[in-house]
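Below is the file target_15.txt, which contains compact mmCIF, C-alpha atoms.
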# COMPACT_ATOMS: atom_id res chain seq x y z
CA MET I 1 -17.96 -34.16 174.15
CA GLU I 2 -19.51 -35.98 171.21
CA LYS I 3 -16.09 -36.32 169.55
CA LEU I 4 -14.72 -37.93 172.68
CA GLU I 5 -17.61 -40.36 172.94
CA ASN I 6 -17.32 -41.28 169.25
CA ALA I 7 -13.58 -41.89 169.61
CA ARG I 8 -14.17 -44.06 172.67
CA LYS I 9 -16.86 -46.01 170.84
CA THR I 10 -14.40 -46.68 168.03
CA ILE I 11 -11.76 -47.80 170.53
CA ASN I 12 -14.27 -50.17 172.17
CA GLU I 13 -15.15 -51.69 168.79
CA VAL I 14 -11.49 -52.11 167.87
CA ASP I 15 -10.71 -53.61 171.29
CA LYS I 16 -13.45 -56.20 170.78
CA LYS I 17 -11.99 -57.19 167.40
CA MET I 18 -8.48 -57.26 168.87
CA ALA I 19 -9.66 -59.60 171.63
CA GLU I 20 -11.07 -61.99 169.03
CA LEU I 21 -7.86 -61.82 166.99
CA PHE I 22 -5.74 -62.27 170.10
CA CYS I 23 -7.58 -65.51 170.90
CA ARG I 24 -7.10 -66.74 167.33
CA ARG I 25 -3.41 -65.89 167.56
CA MET I 26 -3.00 -67.73 170.86
CA GLU I 27 -4.71 -70.81 169.41
CA ALA I 28 -2.12 -70.71 166.60
CA VAL I 29 0.61 -70.28 169.23
CA LYS I 30 -0.65 -73.47 170.88
CA GLU I 31 -0.22 -75.26 167.54
CA VAL I 32 3.28 -73.80 167.16
CA ALA I 33 4.21 -75.07 170.62
CA ALA I 34 2.96 -78.55 169.74
CA ALA I 35 5.02 -78.54 166.54
CA LYS I 36 8.09 -77.30 168.41
CA ARG I 37 7.63 -80.10 170.94
CA GLU I 38 7.52 -82.70 168.15
CA LEU I 39 10.55 -81.21 166.42
CA GLY I 40 12.51 -80.59 169.61
CA LEU I 41 12.79 -76.87 168.90
CA PRO I 42 13.20 -74.17 171.53
CA VAL I 43 10.58 -71.52 172.19
CA LEU I 44 12.79 -68.63 171.07
CA SER I 45 13.75 -68.12 167.45
CA GLU I 46 15.46 -64.74 167.20
CA GLN I 47 15.62 -64.94 163.40
CA ARG I 48 11.88 -65.60 163.16
CA GLU I 49 11.10 -62.72 165.52
CA ALA I 50 13.24 -60.31 163.52
CA GLU I 51 11.52 -61.40 160.30
CA VAL I 52 8.05 -60.99 161.81
CA LEU I 53 8.85 -57.52 163.15
CA GLU I 54 10.37 -56.33 159.89
CA ARG I 55 7.57 -57.73 157.73
CA ASN I 56 4.78 -56.37 159.91
CA LYS I 57 6.37 -52.96 160.39
CA LYS I 58 5.98 -52.49 156.64
CA LEU I 59 2.21 -52.87 157.03
CA ILE I 60 2.04 -49.55 158.87
CA GLU I 61 1.77 -46.70 156.41
CA ASN I 62 1.79 -43.95 159.03
CA GLU I 63 5.42 -43.61 160.13
CA GLU I 64 4.29 -41.94 163.35
CA PHE I 65 2.69 -45.25 164.40
CA ALA I 66 5.39 -47.66 163.18
CA SER I 67 7.56 -47.77 166.31
CA TYR I 68 4.47 -48.08 168.52
CA TYR I 69 3.27 -51.00 166.43
CA VAL I 70 6.65 -52.71 166.66
CA ASN I 71 6.49 -52.35 170.45
CA PHE I 72 2.94 -53.73 170.41
CA LEU I 73 4.16 -56.73 168.41
CA LYS I 74 7.10 -57.28 170.74
CA GLY I 75 4.72 -57.35 173.70
CA THR I 76 2.42 -59.76 171.91
CA MET I 77 5.34 -61.99 170.98
CA ASP I 78 6.59 -61.95 174.58
CA LEU I 79 3.16 -63.15 175.72
CA SER I 80 3.24 -65.84 173.04
CA LYS I 81 6.66 -67.04 174.17
CA ARG I 82 5.52 -67.17 177.81
CA TYR I 83 2.48 -69.20 176.79
CA GLN I 84 4.61 -71.56 174.68
CA HIS I 85 7.03 -71.95 177.58
CA ARG I 86 4.18 -72.85 179.91
CA LEU I 87 2.81 -75.36 177.41
CA LEU I 88 6.19 -76.97 176.81
CA TYR I 89 7.76 -76.89 180.24
CA GLY I 90 4.86 -76.53 182.64

Kindly transcribe the structure held in the file into structure tokens.
Amino acid sequence: MEKLENARKTINEVDKKMAELFCRRMEAVKEVAAAKRELGLPVLSEQREAEVLERNKKLIENEEFASYYVNFLKGTMDLSKRYQHRLLYG
């Protein structure tokens, strides 16, 4: 039982840090949306997404986790695009 509790404690600590990082990321997304508005650019940039996924996948040393991380990033990027869309188009 102690192993389980320790693992859950670690998850809670990581989740707290992820929440802080998520908020920082979304603040940056807000800045991206403002820049895209000024430049007249669309929300979606398929080339940029592909580059981000490829670059960040390389950060994962454990191959077992790589595809899960890519899916995590895709979900995060989908949320970012939805937020940008809301900021740009209401």

Residues near stretch 68-77 of chain I, cut-off 8 Å, only C-alpha atoms, skip fewer than 5 positions along chain, as a PDB file with C-alpha atoms, keeping the file's coordinate frame:
ATOM      1  CA  GLU I  49      11.100 -62.720 165.520  1.00  0.00           C
ATOM      2  CA  LEU I  53       8.850 -57.520 163.150  1.00  0.00           C
ATOM      3  CA  ASN I  56       4.780 -56.370 159.910  1.00  0.00           C
ATOM      4  CA  LYS I  57       6.370 -52.960 160.390  1.00  0.00           C
ATOM      5  CA  ILE I  60       2.040 -49.550 158.870  1.00  0.00           C
TER       6      ILE I  60
END

Next on the checklist: Distance cut-off 12 Å, centre (10.8, -75.5, 175.5) in file coordinates, counting all atoms listed in the file: which residues qualify? Return them as a ChimeraX atom specification.
Outcome noted: /I:32-45,81-90

Next on the checklist: If I take atom CA of I:Glu54 and atom CA of I:Asp78, how far is one from the other in Å, to one decimal?
Outcome noted: 16.2 Å

Checklist entry - What is the atom CA of I:Val29-atom CA of I:Ser80 distance in Å, reported with one decimal? => result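 The value is 6.4 Å.
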
Checklist entry - Interatomic distance between atom CA of I:Thr10 and atom CA of I:Val52? => result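 These two atoms are separated by 27.3 Å.
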